[in-house]
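Coordinates as given in work-v3.cif (mmCIF, C-alpha atoms):
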```
data_input
loop_
_atom_site.label_atom_id
_atom_site.label_comp_id
_atom_site.auth_asym_id
_atom_site.auth_seq_id
_atom_site.Cartn_x
_atom_site.Cartn_y
_atom_site.Cartn_z
CA ASP V 1 113.36 119.24 105.77
CA ASN V 2 115.01 120.12 102.46
CA THR V 3 118.22 121.22 104.21
CA PHE V 4 118.37 117.86 105.99
CA GLY V 5 117.55 116.06 102.72
CA LEU V 6 120.36 117.70 100.76
CA LYS V 7 122.89 117.02 103.52
CA ILE V 8 122.01 113.36 103.96
CA PHE V 9 121.91 112.85 100.18
CA GLN V 10 125.53 114.03 99.95
CA LYS V 11 126.49 111.67 102.79
CA VAL V 12 124.77 108.74 101.09
CA ARG V 13 126.63 109.51 97.85
CA GLU V 14 129.94 109.52 99.78
CA LYS V 15 129.21 106.20 101.50
CA SER V 16 127.53 104.18 98.77
CA ASP V 17 129.48 102.28 96.14
CA LYS V 18 126.36 101.81 94.00
CA GLU V 19 126.16 103.63 90.66
CA ASN V 20 122.61 104.85 91.16
CA ILE V 21 121.31 106.15 94.46
CA MET V 22 117.86 107.30 95.49
CA ILE V 23 116.58 108.48 98.85
CA SER V 24 113.35 109.93 100.20
CA PRO V 25 114.37 112.58 102.74
CA LEU V 26 110.72 112.92 103.76
CA SER V 27 110.48 109.22 104.61
CA ILE V 28 113.66 109.35 106.70
CA SER V 29 112.65 112.49 108.55
CA ILE V 30 109.09 111.31 109.31
CA ALA V 31 110.32 108.02 110.79
CA LEU V 32 112.98 109.75 112.90
CA THR V 33 110.55 112.46 114.01
CA MET V 34 108.15 109.77 115.21
CA ALA V 35 111.05 108.39 117.27
CA ASN V 36 111.90 111.91 118.44
CA ASN V 37 108.53 112.00 120.19
CA GLY V 38 109.94 109.38 122.55
CA ALA V 39 113.32 110.99 123.14
CA GLU V 40 114.50 113.26 125.92
CA GLY V 41 117.67 115.07 127.04
CA GLU V 42 120.79 115.03 124.86
CA THR V 43 119.33 112.27 122.68
CA LYS V 44 116.45 114.54 121.64
CA LYS V 45 118.77 117.54 121.20
CA GLU V 46 121.08 115.61 118.84
CA MET V 47 118.18 114.17 116.84
CA GLN V 48 116.59 117.57 116.37
CA GLU V 49 119.88 119.22 115.37
CA THR V 50 120.58 116.47 112.83
CA LEU V 51 117.06 116.81 111.41
CA GLU V 52 117.48 120.63 111.25
CA LEU V 53 114.62 120.99 113.76
CA ASN V 54 116.52 122.60 116.62
CA GLY V 55 114.78 125.54 118.24
CA LEU V 56 111.30 124.09 117.66
CA THR V 57 109.04 122.54 120.29
CA ASP V 58 107.60 119.04 119.84
CA SER V 59 104.16 120.53 119.20
CA GLU V 60 105.57 122.86 116.51
CA ILE V 61 107.44 119.98 114.85
CA ASN V 62 104.45 117.62 114.92
CA GLY V 63 102.06 120.33 113.79
CA SER V 64 104.30 121.25 110.87
CA TYR V 65 104.60 117.63 109.72
CA LYS V 66 100.86 117.10 110.01
CA THR V 67 100.29 120.17 107.82
CA LEU V 68 102.97 119.09 105.32
CA ILE V 69 101.70 115.52 105.03
CA ASN V 70 98.09 116.64 104.54
CA ALA V 71 99.16 119.21 101.94
CA LEU V 72 101.16 116.63 99.97
CA LEU V 73 98.32 114.10 100.01
CA ASP V 74 95.81 116.66 98.72
CA LEU V 75 98.10 118.35 96.21
CA ASP V 76 97.07 116.67 92.97
CA ASP V 77 94.15 114.32 92.37
CA GLU V 78 95.78 113.03 89.17
CA VAL V 79 98.81 111.70 91.08
CA ARG V 80 98.71 108.67 93.36
CA PHE V 81 100.56 109.55 96.53
CA LYS V 82 100.44 107.68 99.85
CA ILE V 83 102.23 108.21 103.15
CA ALA V 84 101.79 105.41 105.68
CA ASN V 85 103.28 105.02 109.16
CA SER V 86 103.25 102.16 111.62
CA ILE V 87 104.59 101.12 115.01
CA PHE V 88 104.97 97.41 115.71
CA TYR V 89 106.10 96.51 119.23
CA ALA V 90 106.83 93.29 121.12
CA ASP V 91 104.11 91.91 123.34
CA ILE V 92 106.64 91.55 126.20
CA PHE V 93 107.41 95.28 126.04
CA THR V 94 105.64 98.01 128.00
CA VAL V 95 105.06 101.17 125.92
CA LYS V 96 103.83 104.45 127.41
CA PRO V 97 100.39 105.27 125.96
CA GLY V 98 101.28 108.94 125.35
CA PHE V 99 103.97 108.00 122.81
CA LEU V 100 101.59 105.78 120.86
CA ASP V 101 98.76 108.33 121.05
CA ILE V 102 100.77 111.22 119.60
CA ASN V 103 102.05 109.12 116.69
CA ARG V 104 98.53 107.82 116.05
CA ASP V 105 97.04 111.31 116.14
CA ILE V 106 99.69 113.27 114.24
CA TYR V 107 101.18 110.68 111.87
CA ASP V 108 98.12 108.43 111.53
CA ALA V 109 100.38 105.55 112.59
CA GLU V 110 98.95 102.06 112.70
CA VAL V 111 99.94 100.60 116.08
CA ARG V 112 100.13 96.86 116.63
CA GLU V 113 101.43 94.56 119.37
CA LEU V 114 103.09 91.39 118.05
CA ASP V 115 104.88 88.28 119.27
CA PHE V 116 108.39 89.10 118.05
CA SER V 117 109.51 85.49 118.56
CA SER V 118 107.12 84.34 115.83
CA GLN V 119 107.93 84.20 112.12
CA GLN V 120 104.32 85.23 111.54
CA SER V 121 105.19 88.69 112.94
CA VAL V 122 107.93 89.08 110.32
CA ASP V 123 105.35 88.24 107.65
CA ILE V 124 102.84 90.72 109.09
CA ILE V 125 105.41 93.54 109.01
CA ASN V 126 106.55 92.74 105.46
CA ASP V 127 102.93 92.46 104.31
CA TRP V 128 102.19 95.91 105.73
CA VAL V 129 105.09 97.43 103.81
CA SER V 130 104.17 95.57 100.61
CA GLN V 131 100.54 96.70 100.89
CA ASN V 132 101.52 100.35 101.47
CA THR V 133 104.01 100.48 98.58
CA ASN V 134 101.73 98.67 96.10
CA ASP V 135 104.10 95.67 96.14
CA LYS V 136 107.14 97.78 95.14
CA ILE V 137 108.87 96.84 98.42
CA ARG V 138 107.96 93.34 99.54
CA THR V 139 110.55 92.59 102.21
CA VAL V 140 112.10 94.90 104.81
CA ILE V 141 113.14 92.32 107.39
CA ASN V 142 113.94 88.62 107.22
CA GLN V 143 113.92 88.02 110.96
CA LEU V 144 113.55 89.75 114.31
CA ASN V 145 116.28 89.76 116.95
CA PRO V 146 115.22 88.48 120.41
CA LEU V 147 116.32 91.87 121.76
CA ASP V 148 114.19 93.88 119.30
CA ARG V 149 111.35 95.73 120.98
CA MET V 150 109.88 98.09 118.38
CA LEU V 151 109.85 98.95 114.68
CA LEU V 152 108.83 102.42 113.49
CA ILE V 153 108.13 102.31 109.76
CA ASN V 154 107.35 104.95 107.18
CA ALA V 155 106.33 103.99 103.65
CA ILE V 156 105.81 106.44 100.79
CA TYR V 157 104.29 105.53 97.45
CA PHE V 158 104.23 107.90 94.48
CA LYS V 159 102.88 107.23 91.00
CA GLY V 160 102.71 110.14 88.63
CA THR V 161 101.69 110.25 84.98
CA TRP V 162 103.41 112.90 82.87
CA ALA V 163 101.19 115.88 82.07
CA VAL V 164 102.47 115.48 78.49
CA GLN V 165 103.41 111.90 77.68
CA PHE V 166 106.62 110.86 75.96
CA ASP V 167 106.01 109.62 72.42
CA LYS V 168 105.74 105.81 72.54
CA LYS V 169 107.31 105.62 69.09
CA GLY V 170 110.04 108.05 70.09
CA THR V 171 112.17 105.65 72.16
CA HIS V 172 115.47 104.71 70.48
CA ASP V 173 118.84 103.33 71.57
CA LEU V 174 121.16 106.33 71.89
CA ASN V 175 124.45 107.14 73.59
CA PHE V 176 124.41 107.96 77.31
CA THR V 177 127.63 109.38 78.75
CA LEU V 178 128.80 107.88 82.03
CA LYS V 179 130.66 109.72 84.79
CA ASP V 180 134.04 108.46 83.48
CA GLY V 181 133.29 109.93 80.04
CA SER V 182 132.57 106.65 78.28
CA ASP V 183 129.34 106.07 76.34
CA VAL V 184 126.80 103.26 76.54
CA LYS V 185 123.75 102.62 74.37
CA VAL V 186 120.50 102.88 76.32
CA PRO V 187 116.80 103.26 75.39
CA MET V 188 116.15 107.01 75.25
CA MET V 189 112.64 108.46 75.23
CA ASN V 190 111.90 111.80 73.62
CA LYS V 191 109.27 114.54 73.50
CA LEU V 192 108.82 118.22 72.68
CA ASP V 193 107.21 120.06 75.59
CA ASN V 194 106.65 123.53 76.99
CA VAL V 195 108.43 123.33 80.35
CA PRO V 196 110.29 125.49 82.87
CA TYR V 197 113.99 125.58 81.91
CA PHE V 198 117.13 126.79 83.70
CA THR V 199 120.82 126.83 82.82
CA ASN V 200 124.07 128.03 84.40
CA ASN V 201 127.75 127.15 84.03
CA LEU V 202 127.27 123.93 86.01
CA PHE V 203 124.22 122.33 84.38
CA LYS V 204 121.03 122.78 82.40
CA ALA V 205 117.73 121.61 83.86
CA VAL V 206 114.04 121.17 83.13
CA LYS V 207 110.99 120.69 85.32
CA ILE V 208 108.76 117.98 83.89
CA PRO V 209 105.24 118.16 85.38
CA TYR V 210 103.09 115.24 86.51
CA GLY V 211 99.29 115.29 86.55
CA ARG V 212 98.01 118.83 86.96
CA GLY V 213 101.54 120.17 87.38
CA ASN V 214 101.64 120.41 91.18
CA TYR V 215 104.34 117.73 91.28
CA ASN V 216 107.41 117.98 89.04
CA MET V 217 110.51 115.97 88.31
CA VAL V 218 113.54 118.24 88.10
CA VAL V 219 116.02 116.70 85.68
CA ILE V 220 119.56 118.08 85.81
CA LEU V 221 122.09 117.50 83.02
CA PRO V 222 125.69 118.45 83.91
CA ALA V 223 127.34 120.92 81.52
CA ASP V 224 130.08 119.78 79.13
CA GLY V 225 133.17 118.97 81.17
CA LYS V 226 131.09 118.51 84.35
CA ASN V 227 129.58 115.36 85.89
CA SER V 228 126.92 114.45 88.44
CA GLN V 229 129.34 114.69 91.36
CA ASP V 230 130.19 118.29 90.44
CA VAL V 231 126.48 119.11 90.78
CA ILE V 232 126.10 117.14 94.04
CA ASP V 233 129.08 119.02 95.53
CA GLU V 234 127.16 122.28 95.06
CA LEU V 235 123.90 120.98 96.56
CA ASN V 236 123.06 123.20 99.50
CA MET V 237 119.94 125.08 100.51
CA ASP V 238 121.11 128.49 99.27
CA ASN V 239 122.06 127.16 95.82
CA TRP V 240 118.89 125.07 95.62
CA LYS V 241 116.67 128.09 96.31
CA GLU V 242 118.57 130.14 93.73
CA TRP V 243 118.32 127.41 91.11
CA MET V 244 114.62 126.73 91.72
CA GLY V 245 113.89 130.44 91.50
CA GLY V 246 115.67 130.74 88.16
CA PHE V 247 113.39 128.53 86.04
CA GLU V 248 111.53 130.24 83.21
CA MET V 249 108.91 128.73 80.93
CA LYS V 250 110.38 127.81 77.56
CA GLU V 251 108.44 126.60 74.54
CA GLN V 252 109.22 123.48 72.53
CA VAL V 253 112.05 122.08 74.64
CA ASP V 254 113.44 118.91 73.09
CA ILE V 255 113.68 116.46 76.02
CA THR V 256 115.62 113.25 75.50
CA MET V 257 116.25 111.11 78.58
CA PRO V 258 116.85 107.46 79.35
CA ARG V 259 114.19 105.06 80.47
CA PHE V 260 115.44 103.66 83.74
CA LYS V 261 114.52 101.38 86.60
CA PHE V 262 116.51 100.71 89.74
CA SER V 263 116.20 99.95 93.43
CA PHE V 264 118.39 101.05 96.31
CA ASP V 265 118.78 100.43 100.00
CA ILE V 266 121.25 101.57 102.63
CA GLY V 267 121.75 101.45 106.40
CA LEU V 268 121.89 104.97 107.79
CA ASN V 269 123.41 104.38 111.24
CA ASP V 270 126.94 105.52 110.32
CA ILE V 271 125.70 108.44 108.24
CA LEU V 272 123.40 109.77 110.98
CA GLN V 273 126.19 109.42 113.52
CA GLU V 274 128.49 111.43 111.24
CA MET V 275 125.72 114.03 111.23
CA LYS V 276 126.11 114.18 115.05
CA MET V 277 123.13 111.98 116.00
CA LEU V 278 125.17 109.80 118.36
CA LYS V 279 123.42 109.06 121.64
CA ALA V 280 120.30 107.57 120.04
CA PHE V 281 122.43 104.62 118.88
CA SER V 282 124.22 104.11 122.23
CA PRO V 283 122.85 101.31 124.48
CA SER V 284 124.25 103.10 127.55
CA GLU V 285 123.40 106.72 126.67
CA ALA V 286 120.17 106.73 124.67
CA GLU V 287 117.22 108.40 126.40
CA PHE V 288 113.90 107.20 125.02
CA THR V 289 112.11 107.56 128.35
CA LYS V 290 108.92 108.89 126.73
CA ILE V 291 108.54 105.49 125.05
CA THR V 292 109.31 103.22 128.01
CA ASP V 293 111.04 103.00 131.37
CA GLU V 294 113.18 100.13 130.03
CA ASP V 295 116.56 100.68 128.36
CA LEU V 296 115.98 101.39 124.69
CA TYR V 297 118.15 102.56 121.81
CA ILE V 298 118.04 102.62 118.01
CA SER V 299 119.79 99.52 116.68
CA MET V 300 119.18 100.12 112.97
CA VAL V 301 117.92 102.75 110.56
CA LEU V 302 117.27 101.03 107.24
CA HIS V 303 116.27 103.05 104.20
#
```
Output the file's structure as structure tokens, nothing else.
Amino acid sequence: DNTFGLKIFQKVREKSDKENIMISPLSISIALTMANNGAEGETKKEMQETLELNGLTDSEINGSYKTLINALLDLDDEVRFKIANSIFYADIFTVKPGFLDINRDIYDAEVRELDFSSQQSVDIINDWVSQNTNDKIRTVINQLNPLDRMLLINAIYFKGTWAVQFDKKGTHDLNFTLKDGSDVKVPMMNKLDNVPYFTNNLFKAVKIPYGRGNYNMVVILPADGKNSQDVIDELNMDNWKEWMGGFEMKEQVDITMPRFKFSFDIGLNDILQEMKMLKAFSPSEAEFTKITDEDLYISMVLH
């Protein structure tokens, strides 16, 4: 899952013209793995290779995700963390019960049949997403295409409180250096904390714990003469494991970082196809015969 996440993050950075990007690899992989339960043949093979799941059976994949999801949900009672899945399908569409059952059982997916020609169905879908992200995401679709037959949706909500809070009086406007080397004034928060710390010739980094410390934010600051893209270029599983294994607890680290808020969205069709997931998007070649006997393909992956 992490290997897939690092790869798709690099692809998103290449494709997006937005300054700030954010993805949830877990959200992407859960949604696509739910769809994988309906795939067969070359379509399934390509999806599993793209998701770094090749060589595993469906039962191994589903069992691993069930274990992972349950572990994440139970990890820290001081952190609010929700994973919600749903399948909405058109009332004129015949879905094989086995596909719905496995996604209900493994991914706790809410399954609902809707009249896709009705605006009320659009509202129902958006309300479900809004409810499961605590109103952070209120709209995912504005309308349904007459040819649409199914939506598979994953929503993840995370709210963590720092184990050691930043000083409310310690926020001041300070210089933040942009990728091009120029500076802008932004509100910077500050605290002294005992945290895991790591440095190399590319960056220095801290792990800032939430709640009981089972969840952490890893904050990476590029070294002098380096920028964020230099770090992203080196993001692969081997480096990530080495970096994460190199953290050592350090006392009284002076942490100064900007307060920030942003939102991001991107269509992933082109990116997933570049990652060799091709047939799933092809009206003539997609094999989703475990979902239905009708012709079915993925028209959009929206993140």
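Taking all atoms listed in the file into account, the residues near (109.3, 111.2, 110.3), no farther than 10 Å, are V:Pro25, V:Leu26, V:Ser27, V:Ile28, V:Ser29, V:Ile30, V:Ala31, V:Leu32, V:Thr33, V:Met34, V:Ala35, V:Asn36, V:Asn37, V:Leu51, V:Asn62, V:Tyr65, V:Asn85, V:Asn103, V:Tyr107, V:Leu152, V:Ile153, V:Asn154.
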Self-check item: Residues matched by the PyMOL selection byres ((chain V and resi 137) around 12) as a PyMOL selection string
Solution: chain V and resi 125-136+138-141+155-157+263-265+303
Requested write-out: C-alpha atoms of the selected residues, as an mmCIF file, in the coordinates of the input:
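Contents of part-v8.cif, freshly written:
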```cif
data_model
loop_
_atom_site.group_PDB
_atom_site.id
_atom_site.type_symbol
_atom_site.label_atom_id
_atom_site.label_comp_id
_atom_site.auth_asym_id
_atom_site.auth_seq_id
_atom_site.Cartn_x
_atom_site.Cartn_y
_atom_site.Cartn_z
ATOM 1 C CA ILE V 125 105.410 93.540 109.010
ATOM 2 C CA ASN V 126 106.550 92.740 105.460
ATOM 3 C CA ASP V 127 102.930 92.460 104.310
ATOM 4 C CA TRP V 128 102.190 95.910 105.730
ATOM 5 C CA VAL V 129 105.090 97.430 103.810
ATOM 6 C CA SER V 130 104.170 95.570 100.610
ATOM 7 C CA GLN V 131 100.540 96.700 100.890
ATOM 8 C CA ASN V 132 101.520 100.350 101.470
ATOM 9 C CA THR V 133 104.010 100.480 98.580
ATOM 10 C CA ASN V 134 101.730 98.670 96.100
ATOM 11 C CA ASP V 135 104.100 95.670 96.140
ATOM 12 C CA LYS V 136 107.140 97.780 95.140
ATOM 13 C CA ARG V 138 107.960 93.340 99.540
ATOM 14 C CA THR V 139 110.550 92.590 102.210
ATOM 15 C CA VAL V 140 112.100 94.900 104.810
ATOM 16 C CA ILE V 141 113.140 92.320 107.390
ATOM 17 C CA ALA V 155 106.330 103.990 103.650
ATOM 18 C CA ILE V 156 105.810 106.440 100.790
ATOM 19 C CA TYR V 157 104.290 105.530 97.450
ATOM 20 C CA SER V 263 116.200 99.950 93.430
ATOM 21 C CA PHE V 264 118.390 101.050 96.310
ATOM 22 C CA ASP V 265 118.780 100.430 100.000
ATOM 23 C CA HIS V 303 116.270 103.050 104.200
#
```
Restricting to only C-alpha atoms, whichever of V:Leu235, V:Asp254, V:Phe81, V:Glu294 is closest to Arg13 of chain V is V:Leu235
What does the PyMOL selection byres ((chain V and resi 86-94) around 7) select in this file, as a compact mmCIF listing (two decimals) with C-alpha atoms, in the coordinates of the input?
```
# COMPACT_ATOMS: atom_id res chain seq x y z
CA ALA V 84 101.79 105.41 105.68
CA ASN V 85 103.28 105.02 109.16
CA VAL V 95 105.06 101.17 125.92
CA LYS V 96 103.83 104.45 127.41
CA ALA V 109 100.38 105.55 112.59
CA GLU V 110 98.95 102.06 112.70
CA VAL V 111 99.94 100.60 116.08
CA ARG V 112 100.13 96.86 116.63
CA GLU V 113 101.43 94.56 119.37
CA LEU V 114 103.09 91.39 118.05
CA ASP V 115 104.88 88.28 119.27
CA PHE V 116 108.39 89.10 118.05
CA ARG V 149 111.35 95.73 120.98
CA MET V 150 109.88 98.09 118.38
CA LEU V 151 109.85 98.95 114.68
CA LEU V 152 108.83 102.42 113.49
CA ILE V 153 108.13 102.31 109.76
CA ASN V 154 107.35 104.95 107.18
CA THR V 292 109.31 103.22 128.01
```
Between V:Asp173, V:Asp183, V:Glu242, V:Asp224, smallest distance to Thr256 of chain V by all atoms listed in the file belongs to V:Asp173
Between atom CA of Asp193 of chain V and atom CA of Glu251 of chain V lies a distance of 6.7 Å
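Among the candidates V:Val12, V:Ile232, V:Leu72, V:Ile291, the residue lying nearest to Gly98 of chain V is V:Ile291 (atoms considered: only C-alpha atoms).
Of the residues listed (V:Asp17, V:Leu202, V:Lys207, V:Val301), V:Leu202 shows the shortest atom-to-atom separation from Asp233 of chain V; distances use all atoms listed in the file.
Between atom CA of Thr67 of chain V and atom CA of Val79 of chain V the interatomic distance comes to 18.8 Å.
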re atom CA of Leu178 of chain V and atom CA of Leu192 of chain V: distance 24.4 Å
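If only C-alpha atoms are the atoms counted, then among V:Asp77, V:Leu221, V:Asn269, V:Lys7 the closest residue to Thr199 of chain V is V:Leu221.
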Within 7 Å of Pro222 of chain V using all atoms listed in the file, minus same-chain residues under 5 positions, as a PyMOL selection string:
chain V and resi 202-204+227-228+231
Find the spatial neighbours of Ala280 of chain V, counting only C-alpha atoms, within a cut-off of 9 Å - ignore same-chain residues fewer than 3 positions away - and output them as a PyMOL selection string.
chain V and resi 39+42-44+46-47+273+277+283+285-288+296-299
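Within 7 Å of Val186 of chain V, once only C-alpha atoms are used and residues closer than 3 positions along the same chain are dropped, the contacting residues are V:Asp173, V:Leu174, V:Asn175, V:Phe176, V:Pro258.
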Leu144 of chain V proximity check over V:Met300, V:Gly211, V:Arg104, V:Ile255, using only C-alpha atoms: winner is V:Met300
Item to complete: List, as a count of residues only, every residue that the PyMOL selection byres ((chain V and resi 76) around 12) selects in the file provided.
Response: 25
Is it possible to get the axis-aligned box enclosing segment 295-299 of chain V (all listed atoms, 5 Å extra per side) as AutoDock Vina command-line options, with centre and edge lengths in Å rounded to one decimal?
```
--center_x 117.9 --center_y 101.1 --center_z 122.5 --size_x 13.8 --size_y 13.1 --size_z 21.7
```
